[in-house]
file run_19.txt (compact mmCIF, C-alpha atoms and all ligand atoms)
# COMPACT_ATOMS: atom_id res chain seq x y z
CA MET Y 1 0.00 0.00 0.00
CA VAL Y 2 1.10 3.58 -0.65
CA HIS Y 3 -0.35 6.96 0.27
CA ALA Y 4 -2.25 9.27 -2.06
CA ILE Y 5 -4.37 12.43 -1.90
CA ARG Y 6 -7.92 11.45 -2.79
CA ILE Y 7 -11.38 12.99 -2.87
CA HIS Y 8 -14.66 11.13 -2.37
CA ALA Y 9 -16.93 14.15 -2.94
CA PRO Y 10 -16.49 17.48 -4.75
CA GLY Y 11 -15.81 20.54 -2.61
CA GLY Y 12 -13.13 22.61 -0.93
CA PRO Y 13 -9.59 21.59 0.04
CA GLU Y 14 -11.03 19.89 3.16
CA GLN Y 15 -12.26 17.10 0.84
CA MET Y 16 -8.65 16.08 0.14
CA LYS Y 17 -7.71 13.03 2.20
CA TRP Y 18 -4.30 11.37 2.66
CA GLU Y 19 -5.25 7.72 2.22
CA GLU Y 20 -3.73 4.33 1.63
CA VAL Y 21 -4.25 2.96 -1.86
CA GLU Y 22 -3.31 -0.23 -3.66
CA VAL Y 23 -1.32 0.34 -6.86
CA GLY Y 24 -0.84 -3.15 -8.27
CA ALA Y 25 1.27 -4.38 -11.15
CA PRO Y 26 1.26 -2.58 -14.49
CA GLY Y 27 -1.06 -4.02 -17.14
CA PRO Y 28 -0.29 -4.20 -20.85
CA GLY Y 29 1.05 -0.85 -22.10
CA GLN Y 30 1.44 0.50 -18.56
CA ILE Y 31 4.33 1.35 -16.28
CA ARG Y 32 4.54 1.65 -12.50
CA LEU Y 33 6.18 4.80 -11.16
CA LYS Y 34 7.59 5.95 -7.84
CA THR Y 35 6.69 9.65 -7.71
CA THR Y 36 9.63 11.95 -7.03
CA ALA Y 37 7.66 15.21 -7.46
CA ALA Y 38 4.12 16.17 -8.41
CA GLY Y 39 3.19 19.53 -9.93
CA LEU Y 40 0.34 21.70 -8.63
CA ASN Y 41 -1.95 23.18 -11.30
CA TYR Y 42 -5.05 25.31 -11.25
CA ILE Y 43 -6.87 22.55 -13.13
CA ASP Y 44 -6.45 20.37 -10.02
CA THR Y 45 -8.81 22.75 -8.20
CA TYR Y 46 -11.41 22.39 -11.01
CA HIS Y 47 -11.20 18.60 -10.61
CA ARG Y 48 -11.57 18.97 -6.83
CA THR Y 49 -14.57 21.31 -6.94
CA GLY Y 50 -16.32 19.40 -9.72
CA LEU Y 51 -16.17 22.33 -12.18
CA TYR Y 52 -14.62 19.68 -14.44
CA LYS Y 53 -16.53 16.52 -13.54
CA LEU Y 54 -14.79 13.15 -13.14
CA PRO Y 55 -15.89 9.85 -11.60
CA LEU Y 56 -15.25 9.63 -7.82
CA PRO Y 57 -13.40 8.63 -5.72
CA LEU Y 58 -10.40 10.14 -7.43
CA THR Y 59 -6.67 10.57 -6.82
CA LEU Y 60 -5.93 14.14 -7.92
CA GLY Y 61 -3.06 15.46 -10.01
CA MET Y 62 -2.19 15.60 -13.71
CA GLU Y 63 1.52 16.49 -13.60
CA GLY Y 64 4.44 14.59 -12.14
CA ALA Y 65 7.82 12.98 -12.47
CA GLY Y 66 9.14 9.71 -11.14
CA THR Y 67 11.25 6.62 -11.50
CA VAL Y 68 9.96 3.56 -13.33
CA THR Y 69 9.77 0.53 -11.00
CA ALA Y 70 7.99 -1.96 -13.29
CA VAL Y 71 6.82 -2.17 -16.91
CA GLY Y 72 3.86 -4.07 -18.34
CA ASP Y 73 3.65 -6.29 -21.42
CA GLY Y 74 4.32 -4.56 -24.70
CA VAL Y 75 6.27 -1.65 -23.23
CA THR Y 76 9.52 -1.64 -25.20
CA ASP Y 77 10.89 1.92 -25.12
CA ILE Y 78 10.82 2.47 -21.32
CA LYS Y 79 12.73 0.39 -18.78
CA VAL Y 80 12.93 0.00 -15.00
CA GLY Y 81 15.07 2.82 -13.57
CA ASP Y 82 14.18 5.39 -16.26
CA ARG Y 83 13.25 8.88 -15.07
CA VAL Y 84 10.00 9.95 -16.71
CA ALA Y 85 7.50 12.81 -16.53
CA TYR Y 86 3.98 13.49 -17.75
CA ALA Y 87 1.12 15.98 -17.87
CA SER Y 88 -1.84 13.91 -18.75
CA ALA Y 89 -4.93 11.94 -17.82
CA PRO Y 90 -5.67 9.61 -16.20
CA LEU Y 91 -5.29 11.65 -13.01
CA GLY Y 92 -3.22 10.42 -10.09
CA SER Y 93 0.08 12.28 -9.71
CA TYR Y 94 -0.74 13.11 -6.04
CA SER Y 95 0.35 9.59 -5.10
CA GLU Y 96 3.59 8.10 -3.76
CA GLU Y 97 3.38 5.49 -6.51
CA ARG Y 98 1.05 4.99 -9.46
CA LEU Y 99 0.38 3.25 -12.73
CA MET Y 100 0.55 5.26 -15.95
CA GLN Y 101 0.06 4.61 -19.65
CA ALA Y 102 3.57 4.28 -21.09
CA ASP Y 103 2.64 6.26 -24.23
CA ARG Y 104 1.67 9.30 -22.08
CA VAL Y 105 5.10 9.80 -20.47
CA VAL Y 106 8.43 11.05 -21.81
CA VAL Y 107 11.86 9.91 -20.64
CA LEU Y 108 13.74 12.85 -19.12
CA PRO Y 109 16.98 14.04 -20.67
CA GLN Y 110 20.00 14.24 -18.34
CA GLY Y 111 19.90 18.03 -17.97
CA ILE Y 112 16.29 18.12 -16.71
CA SER Y 113 15.88 17.14 -13.05
CA ASP Y 114 12.75 15.40 -11.79
CA GLN Y 115 11.71 18.51 -9.86
CA THR Y 116 12.17 20.78 -12.87
CA ALA Y 117 10.13 18.36 -14.99
CA ALA Y 118 7.31 18.17 -12.45
CA ALA Y 119 7.29 21.98 -12.32
CA ILE Y 120 6.99 22.47 -16.10
CA MET Y 121 5.44 19.52 -17.91
CA LEU Y 122 1.86 20.82 -17.77
CA LYS Y 123 2.52 24.55 -17.56
CA GLY Y 124 5.43 24.47 -20.02
CA MET Y 125 3.81 22.32 -22.73
CA THR Y 126 0.79 24.62 -22.38
CA THR Y 127 3.11 27.59 -22.96
CA GLU Y 128 4.64 25.76 -25.95
CA TYR Y 129 1.32 25.30 -27.72
CA LEU Y 130 0.12 28.80 -26.78
CA VAL Y 131 3.17 30.55 -28.29
CA GLN Y 132 3.92 28.17 -31.17
CA ARG Y 133 0.63 26.68 -32.27
CA THR Y 134 -2.55 28.44 -31.06
CA TYR Y 135 -0.98 31.72 -32.21
CA LYS Y 136 2.55 31.81 -33.59
CA VAL Y 137 4.24 34.58 -31.60
CA LYS Y 138 6.77 36.44 -33.77
CA PRO Y 139 9.17 39.37 -33.55
CA GLY Y 140 7.29 42.66 -33.61
CA ASP Y 141 4.11 41.27 -32.01
CA THR Y 142 2.74 42.80 -28.83
CA VAL Y 143 0.80 40.19 -26.85
CA LEU Y 144 -1.21 40.24 -23.62
CA PHE Y 145 -1.11 37.49 -20.97
CA HIS Y 146 -3.26 37.47 -17.81
CA ALA Y 147 -1.93 36.30 -14.41
CA ALA Y 148 1.65 36.91 -15.51
CA ALA Y 149 3.26 35.86 -12.20
CA GLY Y 150 1.49 32.48 -12.09
CA GLY Y 151 2.74 29.04 -13.05
CA VAL Y 152 2.05 29.34 -16.77
CA GLY Y 153 2.62 33.11 -16.60
CA LEU Y 154 6.31 33.12 -15.62
CA LEU Y 155 7.12 30.56 -18.34
CA PHE Y 156 5.03 32.39 -20.93
CA GLY Y 157 6.69 35.79 -20.38
CA GLN Y 158 10.16 34.39 -20.94
CA TRP Y 159 9.23 32.25 -23.93
CA ALA Y 160 7.27 35.01 -25.73
CA LYS Y 161 10.15 37.43 -25.08
CA ALA Y 162 12.65 34.91 -26.49
CA LEU Y 163 10.50 34.78 -29.65
CA GLY Y 164 10.94 38.55 -30.02
CA ALA Y 165 7.57 39.81 -28.82
CA THR Y 166 6.74 42.77 -26.62
CA VAL Y 167 4.91 41.15 -23.73
CA ILE Y 168 2.23 42.82 -21.62
CA GLY Y 169 1.14 41.02 -18.45
CA THR Y 170 -1.48 41.56 -15.78
CA VAL Y 171 -0.98 40.77 -12.08
CA GLY Y 172 -2.83 41.20 -8.80
CA SER Y 173 -0.11 42.75 -6.62
CA GLU Y 174 3.02 44.89 -6.71
CA ASP Y 175 5.24 41.98 -5.61
CA LYS Y 176 3.91 39.94 -8.49
CA ALA Y 177 4.55 42.87 -10.85
CA LYS Y 178 8.23 42.84 -9.89
CA LEU Y 179 8.50 39.10 -10.37
CA ALA Y 180 6.79 39.20 -13.78
CA ARG Y 181 9.10 42.01 -14.98
CA ALA Y 182 12.06 39.77 -14.14
CA HIS Y 183 10.52 37.04 -16.34
CA GLY Y 184 10.21 38.64 -19.75
CA TYR Y 185 7.31 41.04 -19.36
CA ASP Y 186 7.91 44.50 -20.82
CA HIS Y 187 4.79 46.08 -19.34
CA ILE Y 188 2.87 45.08 -16.26
CA ILE Y 189 -0.65 46.16 -15.36
CA ASN Y 190 -2.12 45.62 -11.90
CA TYR Y 191 -5.66 44.63 -12.90
CA ARG Y 192 -6.92 45.04 -9.34
CA THR Y 193 -6.17 48.78 -9.40
CA GLU Y 194 -6.12 49.71 -13.09
CA ASN Y 195 -8.48 49.26 -16.07
CA PHE Y 196 -6.30 46.86 -18.05
CA ALA Y 197 -8.12 47.37 -21.39
CA GLU Y 198 -7.54 51.12 -21.22
CA ARG Y 199 -3.86 50.58 -20.33
CA VAL Y 200 -3.41 48.16 -23.25
CA LYS Y 201 -4.93 50.72 -25.61
CA GLU Y 202 -2.49 53.36 -24.26
CA LEU Y 203 0.52 51.04 -24.53
CA THR Y 204 -0.37 50.09 -28.12
CA LYS Y 205 -1.34 53.63 -29.18
CA ASP Y 206 -4.94 52.49 -29.71
CA ALA Y 207 -3.95 49.65 -32.05
CA GLY Y 208 -4.74 46.84 -29.61
CA VAL Y 209 -3.00 43.47 -29.57
CA PRO Y 210 -3.38 40.61 -32.09
CA VAL Y 211 -3.78 38.02 -29.33
CA VAL Y 212 -4.89 37.87 -25.69
CA TYR Y 213 -4.09 34.80 -23.59
CA ASP Y 214 -6.71 34.63 -20.84
CA GLY Y 215 -6.56 31.96 -18.13
CA VAL Y 216 -8.44 34.13 -15.61
CA GLY Y 217 -11.85 33.73 -17.29
CA LYS Y 218 -14.97 35.39 -15.87
CA ASP Y 219 -13.35 38.57 -14.49
CA THR Y 220 -11.22 39.38 -17.56
CA TRP Y 221 -13.27 38.06 -20.51
CA ALA Y 222 -15.04 41.30 -21.48
CA GLY Y 223 -12.00 43.53 -20.97
CA SER Y 224 -9.85 41.11 -22.96
CA LEU Y 225 -12.08 41.43 -26.05
CA ASP Y 226 -11.61 45.22 -25.80
CA CYS Y 227 -7.82 44.78 -26.00
CA LEU Y 228 -7.84 43.05 -29.40
CA SER Y 229 -7.04 44.63 -32.75
CA PRO Y 230 -9.33 43.80 -35.74
CA PHE Y 231 -9.16 40.07 -36.61
CA GLY Y 232 -7.52 39.51 -33.21
CA LEU Y 233 -7.55 36.13 -31.46
CA MET Y 234 -9.03 35.65 -27.99
CA VAL Y 235 -7.39 32.59 -26.41
CA SER Y 236 -9.58 31.67 -23.44
CA PHE Y 237 -7.64 28.84 -21.84
CA GLY Y 238 -8.73 28.83 -18.20
CA ASN Y 239 -11.09 30.03 -15.48
CA ALA Y 240 -9.17 30.91 -12.33
CA SER Y 241 -11.82 33.54 -11.43
CA GLY Y 242 -14.74 31.38 -12.62
CA PRO Y 243 -16.05 30.15 -15.96
CA VAL Y 244 -16.73 32.62 -18.78
CA PRO Y 245 -20.51 33.17 -19.00
CA PRO Y 246 -22.34 32.50 -22.28
CA PHE Y 247 -21.86 35.37 -24.73
CA GLU Y 248 -23.49 36.80 -27.84
CA ILE Y 249 -21.50 35.73 -30.88
CA ALA Y 250 -22.39 39.07 -32.51
CA THR Y 251 -20.09 40.71 -29.93
CA LEU Y 252 -17.18 39.46 -32.03
CA ALA Y 253 -18.49 41.36 -35.05
CA GLY Y 254 -18.92 44.62 -33.16
CA LYS Y 255 -15.36 44.47 -31.84
CA GLY Y 256 -13.68 43.90 -35.23
CA SER Y 257 -14.23 40.42 -36.72
CA LEU Y 258 -12.56 38.73 -33.75
CA TYR Y 259 -11.73 35.03 -33.36
CA VAL Y 260 -12.15 33.03 -30.15
CA THR Y 261 -10.60 29.69 -29.25
CA ARG Y 262 -10.87 27.56 -26.10
CA PRO Y 263 -7.79 25.30 -26.32
CA THR Y 264 -6.73 22.44 -24.05
CA LEU Y 265 -3.38 20.75 -23.55
CA VAL Y 266 -5.20 17.43 -23.93
CA THR Y 267 -6.01 18.18 -27.58
CA TYR Y 268 -2.58 19.65 -28.33
CA THR Y 269 -0.79 16.55 -26.99
CA ALA Y 270 -3.35 13.88 -27.95
CA LYS Y 271 -1.09 12.41 -30.64
CA ARG Y 272 2.09 10.80 -29.30
CA ALA Y 273 4.17 12.81 -31.81
CA ASP Y 274 2.67 16.10 -30.57
CA LEU Y 275 3.42 15.15 -26.95
CA VAL Y 276 7.02 14.22 -27.74
CA ASN Y 277 7.60 17.34 -29.87
CA SER Y 278 6.06 19.65 -27.28
CA ALA Y 279 8.13 18.17 -24.44
CA LYS Y 280 11.28 18.39 -26.57
CA ALA Y 281 10.67 22.04 -27.44
CA LEU Y 282 10.12 22.73 -23.74
CA PHE Y 283 13.25 20.91 -22.57
CA ASP Y 284 15.27 22.66 -25.31
CA VAL Y 285 14.12 26.16 -24.34
CA VAL Y 286 14.79 25.44 -20.65
CA SER Y 287 18.19 23.85 -21.33
CA SER Y 288 19.18 26.86 -23.47
CA GLY Y 289 18.60 29.12 -20.45
CA LYS Y 290 16.04 31.22 -22.37
CA VAL Y 291 13.31 30.05 -19.99
CA LYS Y 292 14.23 29.71 -16.33
CA VAL Y 293 12.07 27.66 -13.99
CA GLU Y 294 10.92 29.15 -10.69
CA VAL Y 295 9.56 26.97 -7.88
CA PRO Y 296 8.88 29.49 -5.09
CA GLN Y 297 6.75 27.03 -3.08
CA THR Y 298 7.06 23.35 -2.20
CA TYR Y 299 4.73 21.41 0.11
CA ALA Y 300 4.82 17.87 1.42
CA LEU Y 301 2.46 15.82 -0.75
CA LYS Y 302 0.35 15.01 2.30
CA ASP Y 303 -0.22 18.79 2.76
CA ALA Y 304 -1.64 19.23 -0.76
CA ALA Y 305 -4.86 20.69 0.69
CA LYS Y 306 -2.84 23.65 2.03
CA ALA Y 307 -1.26 24.10 -1.42
CA HIS Y 308 -4.74 24.19 -3.02
CA ALA Y 309 -5.94 26.78 -0.51
CA ASP Y 310 -2.89 28.98 -1.15
CA LEU Y 311 -3.24 28.69 -4.95
CA GLU Y 312 -6.91 29.68 -4.80
CA ALA Y 313 -6.13 32.55 -2.40
CA ARG Y 314 -3.68 33.91 -5.06
CA LYS Y 315 -0.78 33.49 -2.62
CA THR Y 316 1.48 31.43 -4.91
CA THR Y 317 3.70 32.54 -7.78
CA GLY Y 318 5.37 30.48 -10.51
CA SER Y 319 5.31 26.71 -10.17
CA THR Y 320 4.50 24.75 -7.01
CA LEU Y 321 5.71 21.24 -6.20
CA LEU Y 322 4.23 18.58 -3.93
CA LEU Y 323 6.94 16.30 -2.62
CA PRO Y 324 6.30 12.75 -1.39
P1 LIG F 1 -1.63 30.26 -11.62
O1 LIG F 1 -0.38 29.95 -10.90
O2 LIG F 1 -1.54 31.25 -12.75
O3 LIG F 1 -2.72 30.72 -10.58
C1 LIG F 1 -3.86 31.40 -11.00
C2 LIG F 1 -3.68 32.91 -10.91
O4 LIG F 1 -4.84 33.51 -11.47
C3 LIG F 1 -3.58 33.45 -9.51
O5 LIG F 1 -2.29 33.39 -8.97
C4 LIG F 1 -4.06 34.87 -9.70
O6 LIG F 1 -2.97 35.73 -10.03
C5 LIG F 1 -4.97 34.78 -10.92
N1 LIG F 1 -6.38 35.03 -10.55
C6 LIG F 1 -7.14 36.03 -11.01
N2 LIG F 1 -8.34 36.01 -10.45
C7 LIG F 1 -8.35 34.99 -9.58
C8 LIG F 1 -9.33 34.48 -8.67
N3 LIG F 1 -10.55 35.03 -8.56
N4 LIG F 1 -9.01 33.40 -7.93
C9 LIG F 1 -7.81 32.83 -8.03
N5 LIG F 1 -6.84 33.26 -8.88
C10 LIG F 1 -7.11 34.35 -9.64
O7 LIG F 1 -2.27 28.90 -12.19
P2 LIG F 1 -1.75 27.97 -13.38
O8 LIG F 1 -0.47 28.49 -13.91
O9 LIG F 1 -1.83 26.56 -12.91
O10 LIG F 1 -2.88 28.15 -14.48
C11 LIG F 1 -3.19 29.43 -15.03
C12 LIG F 1 -4.48 29.32 -15.83
O11 LIG F 1 -4.21 28.55 -17.00
C13 LIG F 1 -5.60 28.58 -15.10
O12 LIG F 1 -6.84 29.14 -15.47
C14 LIG F 1 -5.51 27.19 -15.67
O13 LIG F 1 -6.71 26.47 -15.58
C15 LIG F 1 -5.14 27.50 -17.09
N6 LIG F 1 -4.50 26.39 -17.79
C16 LIG F 1 -5.10 25.93 -18.94
C17 LIG F 1 -4.52 24.95 -19.68
C18 LIG F 1 -5.13 24.55 -20.97
O14 LIG F 1 -4.53 23.78 -21.72
N7 LIG F 1 -6.30 25.04 -21.31
C19 LIG F 1 -3.30 24.27 -19.22
C20 LIG F 1 -2.69 24.88 -18.05
C21 LIG F 1 -3.29 25.89 -17.35
P3 LIG F 1 -3.07 37.32 -9.65
O15 LIG F 1 -3.12 37.38 -8.16
O16 LIG F 1 -1.84 37.90 -10.23
O17 LIG F 1 -4.33 37.80 -10.28
call {"tool": "encode", "arguments": {"input": "run_19.txt", "output": "structure tokens"}}
result
Amino acid sequence: MVHAIRIHAPGGPEQMKWEEVEVGAPGPGQIRLKTTAAGLNYIDTYHRTGLYKLPLPLTLGMEGAGTVTAVGDGVTDIKVGDRVAYASAPLGSYSEERLMQADRVVVLPQGISDQTAAAIMLKGMTTEYLVQRTYKVKPGDTVLFHAAAGGVGLLFGQWAKALGATVIGTVGSEDKAKLARAHGYDHIINYRTENFAERVKELTKDAGVPVVYDGVGKDTWAGSLDCLSPFGLMVSFGNASGPVPPFEIATLAGKGSLYVTRPTLVTYTAKRADLVNSAKALFDVVSSGKVKVEVPQTYALKDAAKAHADLEARKTTGSTLLLP
């Protein structure tokens, strides 16, 4: 038996229980892993509250790294002792040990530690598809990213800057503003004290930006549309402040023939080749030093409920690790 953080009912962090679970031997196509680090992500809170519904009971966690302790039939490219990482369903990274589909993990290169991998697999592959595939960020672009000092935010600022863009970010405090400036952002707006759409218009001399990356959701949706230039792309990729309410599609006409997309990492890494390429691009940009990885908070895995409470109270910055 090993320990894992599980929920039996949707709700607040108090639903998260440190329980004994049976892991078993890997079936065909599976591997067994000893977790060395699990990553904390905002999506974990959506799974906990039931905003994203999953069958219960459930071991939480989509992101982690570990050492392979057993492989099932048909697994040929991964062996016992390999260091691997993943950002994928099925959930279960908040566990001392677990089973995982072998085709959903990548073997870690020497230069990427387990803790770095657990800090970036989900947030960093998300950043990869956001800057390279949802919208191809290029030199000369000015782009807007909300929650710039968060887990995805600190990676995004550096990566977009490395691609030659001018990067505008929003944050909820002055400390976060300082941190975001040190991670690629050229301009920072405190959206708790300033009207960010007006500031974006000022910064772009009324032109607006060709793309807004919005993981905040409900509170920033309307203002984000006002930041876009004609034909601009609204990338609504999360709901930290709550889900975006239904909207009139005609709004997009009135604001200049806008586009909207609601992307997920699941779709962008569904094919094995896309997963491998995304992870490789991420490891390359981190190894090159262009994107540095910040882990300002670590918690013992058994204290994951405290980590959830802090994330939802906007107390964390950058990536957060849960350590078994
Ligand atoms: P963060 O570390 O960015 O934490 C969320 C941040 O959102 C907070 O720190 C806070 O920053 C800001 N925020 C604004 N309003 C609120 C609010 N009412 N309550 C809580 N936080 C608020 O999280 P992640 O890096 O894990 O994820 C960022 C977003 O990206 C999330 O919405 C997540 O779901 C989404 N995401 C989507 C993916 C996809 O493929 N679609 C993949 C990965 C992440 P501040 O105090 O500065 O406002």
call {"tool": "residues_around", "arguments": {"input": "run_19.txt", "residues": "stretch 198-211 of chain Y", "least_positions_apart": "5", "cutoff": "10 Å", "atoms": "all atoms listed in the file", "output": "count of residues only"}}
result
32
call {"tool": "closest_residue", "arguments": {"input": "run_19.txt", "among": "Y:Gln158, Y:Thr35, Y:Thr193, Y:Thr298", "to": "Y:Val171", "atoms": "all atoms listed in the file"}}
result
Y:Thr193
call {"tool": "atom_distance", "arguments": {"input": "run_19.txt", "atom1": "atom C11 of ligand LIG 1 (chain F)", "atom2": "atom CA of Y:Lys161"}}
result
18.5 Å
call {"tool": "atom_distance", "arguments": {"input": "run_19.txt", "atom1": "atom CA of Y:Glu248", "atom2": "atom CA of Y:Thr261"}}
result
14.8 Å
call {"tool": "atom_distance", "arguments": {"input": "run_19.txt", "atom1": "atom C17 of ligand LIG 1 (chain F)", "atom2": "atom CA of Y:Gly150"}}
result
12.3 Å
call {"tool": "residues_around", "arguments": {"input": "run_19.txt", "residues": "Y:Pro243", "least_positions_apart": "4", "cutoff": "7 Å", "atoms": "only C-alpha atoms", "output": "list in words"}}
result
Gly217, Lys218 and Asn239 of chain Y
call {"tool": "axis_aligned_box", "arguments": {"input": "run_19.txt", "around": "ligand LIG 1 (chain F)", "padding_each_side": "8 Å", "output": "lines of an AutoDock Vina configuration file"}}
result
center_x = -5.5
center_y = 30.8
center_z = -14.8
size_x = 26.2
size_y = 30.1
size_z = 29.8
call {"tool": "closest_residue", "arguments": {"input": "run_19.txt", "among": "Y:Val286, Y:Ala162, Y:Val68, Y:Ala180", "to": "ligand LIG 1 (chain F)", "atoms": "all atoms listed in the file"}}
result
Y:Ala180
call {"tool": "closest_residue", "arguments": {"input": "run_19.txt", "among": "Y:Gln30, Y:Thr76, Y:Thr127, Y:Thr49", "to": "Y:His8", "atoms": "all atoms listed in the file"}}
result
Y:Thr49
call {"tool": "closest_residue", "arguments": {"input": "run_19.txt", "among": "Y:Pro245, Y:Gly238, Y:Gly254, Y:Pro13", "to": "ligand LIG 1 (chain F)", "atoms": "only C-alpha atoms and all ligand atoms"}}
result
Y:Gly238
call {"tool": "closest_residue", "arguments": {"input": "run_19.txt", "among": "Y:Leu99, Y:Leu130, Y:Val106, Y:Leu60", "to": "Y:Lys280", "atoms": "all atoms listed in the file"}}
result
Y:Val106
call {"tool": "closest_residue", "arguments": {"input": "run_19.txt", "among": "Y:Val285, Y:Val167, Y:Ala4, Y:Ile43", "to": "ligand LIG 1 (chain F)", "atoms": "all atoms listed in the file"}}
result
Y:Ile43
call {"tool": "closest_atom_pairs", "arguments": {"input": "run_19.txt", "of": "chain Y", "to": "ligand LIG 1 (chain F)", "cutoff": "8 Å", "atoms": "all atoms listed in the file", "output": "JSON lines"}}
result
{"residue": "Y:Leu40", "atom": "CA", "partner": "F:LIG1", "partner_atom": "O9", "distance": 6.8}
{"residue": "Y:Asn41", "atom": "CA", "partner": "F:LIG1", "partner_atom": "O9", "distance": 3.7}
{"residue": "Y:Tyr42", "atom": "CA", "partner": "F:LIG1", "partner_atom": "O9", "distance": 3.8}
{"residue": "Y:Ile43", "atom": "CA", "partner": "F:LIG1", "partner_atom": "O13", "distance": 4.6}
{"residue": "Y:Tyr46", "atom": "CA", "partner": "F:LIG1", "partner_atom": "O13", "distance": 7.7}
{"residue": "Y:Leu122", "atom": "CA", "partner": "F:LIG1", "partner_atom": "C20", "distance": 6.1}
{"residue": "Y:Lys123", "atom": "CA", "partner": "F:LIG1", "partner_atom": "C20", "distance": 5.2}
{"residue": "Y:Thr126", "atom": "CA", "partner": "F:LIG1", "partner_atom": "C19", "distance": 5.2}
{"residue": "Y:His146", "atom": "CA", "partner": "F:LIG1", "partner_atom": "C5", "distance": 7.6}
{"residue": "Y:Ala147", "atom": "CA", "partner": "F:LIG1", "partner_atom": "O16", "distance": 4.5}
{"residue": "Y:Ala148", "atom": "CA", "partner": "F:LIG1", "partner_atom": "O16", "distance": 6.4}
{"residue": "Y:Ala149", "atom": "CA", "partner": "F:LIG1", "partner_atom": "O16", "distance": 5.8}
{"residue": "Y:Gly150", "atom": "CA", "partner": "F:LIG1", "partner_atom": "O2", "distance": 3.3}
{"residue": "Y:Gly151", "atom": "CA", "partner": "F:LIG1", "partner_atom": "O8", "distance": 3.4}
{"residue": "Y:Val152", "atom": "CA", "partner": "F:LIG1", "partner_atom": "O8", "distance": 3.9}
{"residue": "Y:Gly153", "atom": "CA", "partner": "F:LIG1", "partner_atom": "O2", "distance": 6.0}
{"residue": "Y:Thr170", "atom": "CA", "partner": "F:LIG1", "partner_atom": "O16", "distance": 6.7}
{"residue": "Y:Val171", "atom": "CA", "partner": "F:LIG1", "partner_atom": "O16", "distance": 3.5}
{"residue": "Y:Gly172", "atom": "CA", "partner": "F:LIG1", "partner_atom": "O16", "distance": 3.7}
{"residue": "Y:Ser173", "atom": "CA", "partner": "F:LIG1", "partner_atom": "O16", "distance": 6.3}
{"residue": "Y:Lys176", "atom": "CA", "partner": "F:LIG1", "partner_atom": "O16", "distance": 6.3}
{"residue": "Y:Asn190", "atom": "CA", "partner": "F:LIG1", "partner_atom": "O16", "distance": 7.9}
{"residue": "Y:Tyr191", "atom": "CA", "partner": "F:LIG1", "partner_atom": "O17", "distance": 7.4}
{"residue": "Y:Arg192", "atom": "CA", "partner": "F:LIG1", "partner_atom": "O17", "distance": 7.7}
{"residue": "Y:Asp214", "atom": "CA", "partner": "F:LIG1", "partner_atom": "O11", "distance": 7.6}
{"residue": "Y:Gly215", "atom": "CA", "partner": "F:LIG1", "partner_atom": "O12", "distance": 3.9}
{"residue": "Y:Val216", "atom": "CA", "partner": "F:LIG1", "partner_atom": "C6", "distance": 5.1}
{"residue": "Y:Gly217", "atom": "CA", "partner": "F:LIG1", "partner_atom": "O12", "distance": 7.0}
{"residue": "Y:Asp219", "atom": "CA", "partner": "F:LIG1", "partner_atom": "N2", "distance": 6.9}
{"residue": "Y:Ser236", "atom": "CA", "partner": "F:LIG1", "partner_atom": "N7", "distance": 7.7}
{"residue": "Y:Phe237", "atom": "CA", "partner": "F:LIG1", "partner_atom": "N7", "distance": 4.1}
{"residue": "Y:Gly238", "atom": "CA", "partner": "F:LIG1", "partner_atom": "O12", "distance": 3.3}
{"residue": "Y:Asn239", "atom": "CA", "partner": "F:LIG1", "partner_atom": "O12", "distance": 4.3}
{"residue": "Y:Ala240", "atom": "CA", "partner": "F:LIG1", "partner_atom": "O12", "distance": 4.3}
{"residue": "Y:Ser241", "atom": "CA", "partner": "F:LIG1", "partner_atom": "N3", "distance": 3.5}
{"residue": "Y:Gly242", "atom": "CA", "partner": "F:LIG1", "partner_atom": "N3", "distance": 6.9}
{"residue": "Y:Arg262", "atom": "CA", "partner": "F:LIG1", "partner_atom": "N7", "distance": 7.1}
{"residue": "Y:Pro263", "atom": "CA", "partner": "F:LIG1", "partner_atom": "N7", "distance": 5.2}
{"residue": "Y:Thr264", "atom": "CA", "partner": "F:LIG1", "partner_atom": "O14", "distance": 3.5}
{"residue": "Y:Leu265", "atom": "CA", "partner": "F:LIG1", "partner_atom": "O14", "distance": 3.7}
{"residue": "Y:Val266", "atom": "CA", "partner": "F:LIG1", "partner_atom": "O14", "distance": 6.8}
{"residue": "Y:Leu311", "atom": "CA", "partner": "F:LIG1", "partner_atom": "O3", "distance": 6.0}
{"residue": "Y:Glu312", "atom": "CA", "partner": "F:LIG1", "partner_atom": "C9", "distance": 4.6}
{"residue": "Y:Ala313", "atom": "CA", "partner": "F:LIG1", "partner_atom": "C9", "distance": 5.9}
{"residue": "Y:Arg314", "atom": "CA", "partner": "F:LIG1", "partner_atom": "O5", "distance": 4.2}
{"residue": "Y:Lys315", "atom": "CA", "partner": "F:LIG1", "partner_atom": "O5", "distance": 6.5}
{"residue": "Y:Thr316", "atom": "CA", "partner": "F:LIG1", "partner_atom": "O5", "distance": 5.9}
{"residue": "Y:Thr317", "atom": "CA", "partner": "F:LIG1", "partner_atom": "O1", "distance": 5.8}
{"residue": "Y:Gly318", "atom": "CA", "partner": "F:LIG1", "partner_atom": "O1", "distance": 5.8}
{"residue": "Y:Ser319", "atom": "CA", "partner": "F:LIG1", "partner_atom": "O1", "distance": 6.6}
call {"tool": "residues_around", "arguments": {"input": "run_19.txt", "residues": "Y:Met16", "least_positions_apart": "6", "cutoff": "7 Å", "atoms": "all atoms listed in the file", "output": "list in words"}}
result
Ile5, Arg6, Ile7 and Ala305 of chain Y
call {"tool": "residues_around", "arguments": {"input": "run_19.txt", "residues": "Y:Asn277", "least_positions_apart": "2", "cutoff": "12 Å", "atoms": "only C-alpha atoms", "output": "list of chain:residue names"}}
result
Y:Val106, Y:Met125, Y:Glu128, Y:Tyr129, Y:Gln132, Y:Arg133, Y:Tyr268, Y:Thr269, Y:Ala270, Y:Lys271, Y:Arg272, Y:Ala273, Y:Asp274, Y:Leu275, Y:Ala279, Y:Lys280, Y:Ala281, Y:Leu282, Y:Phe283, Y:Asp284
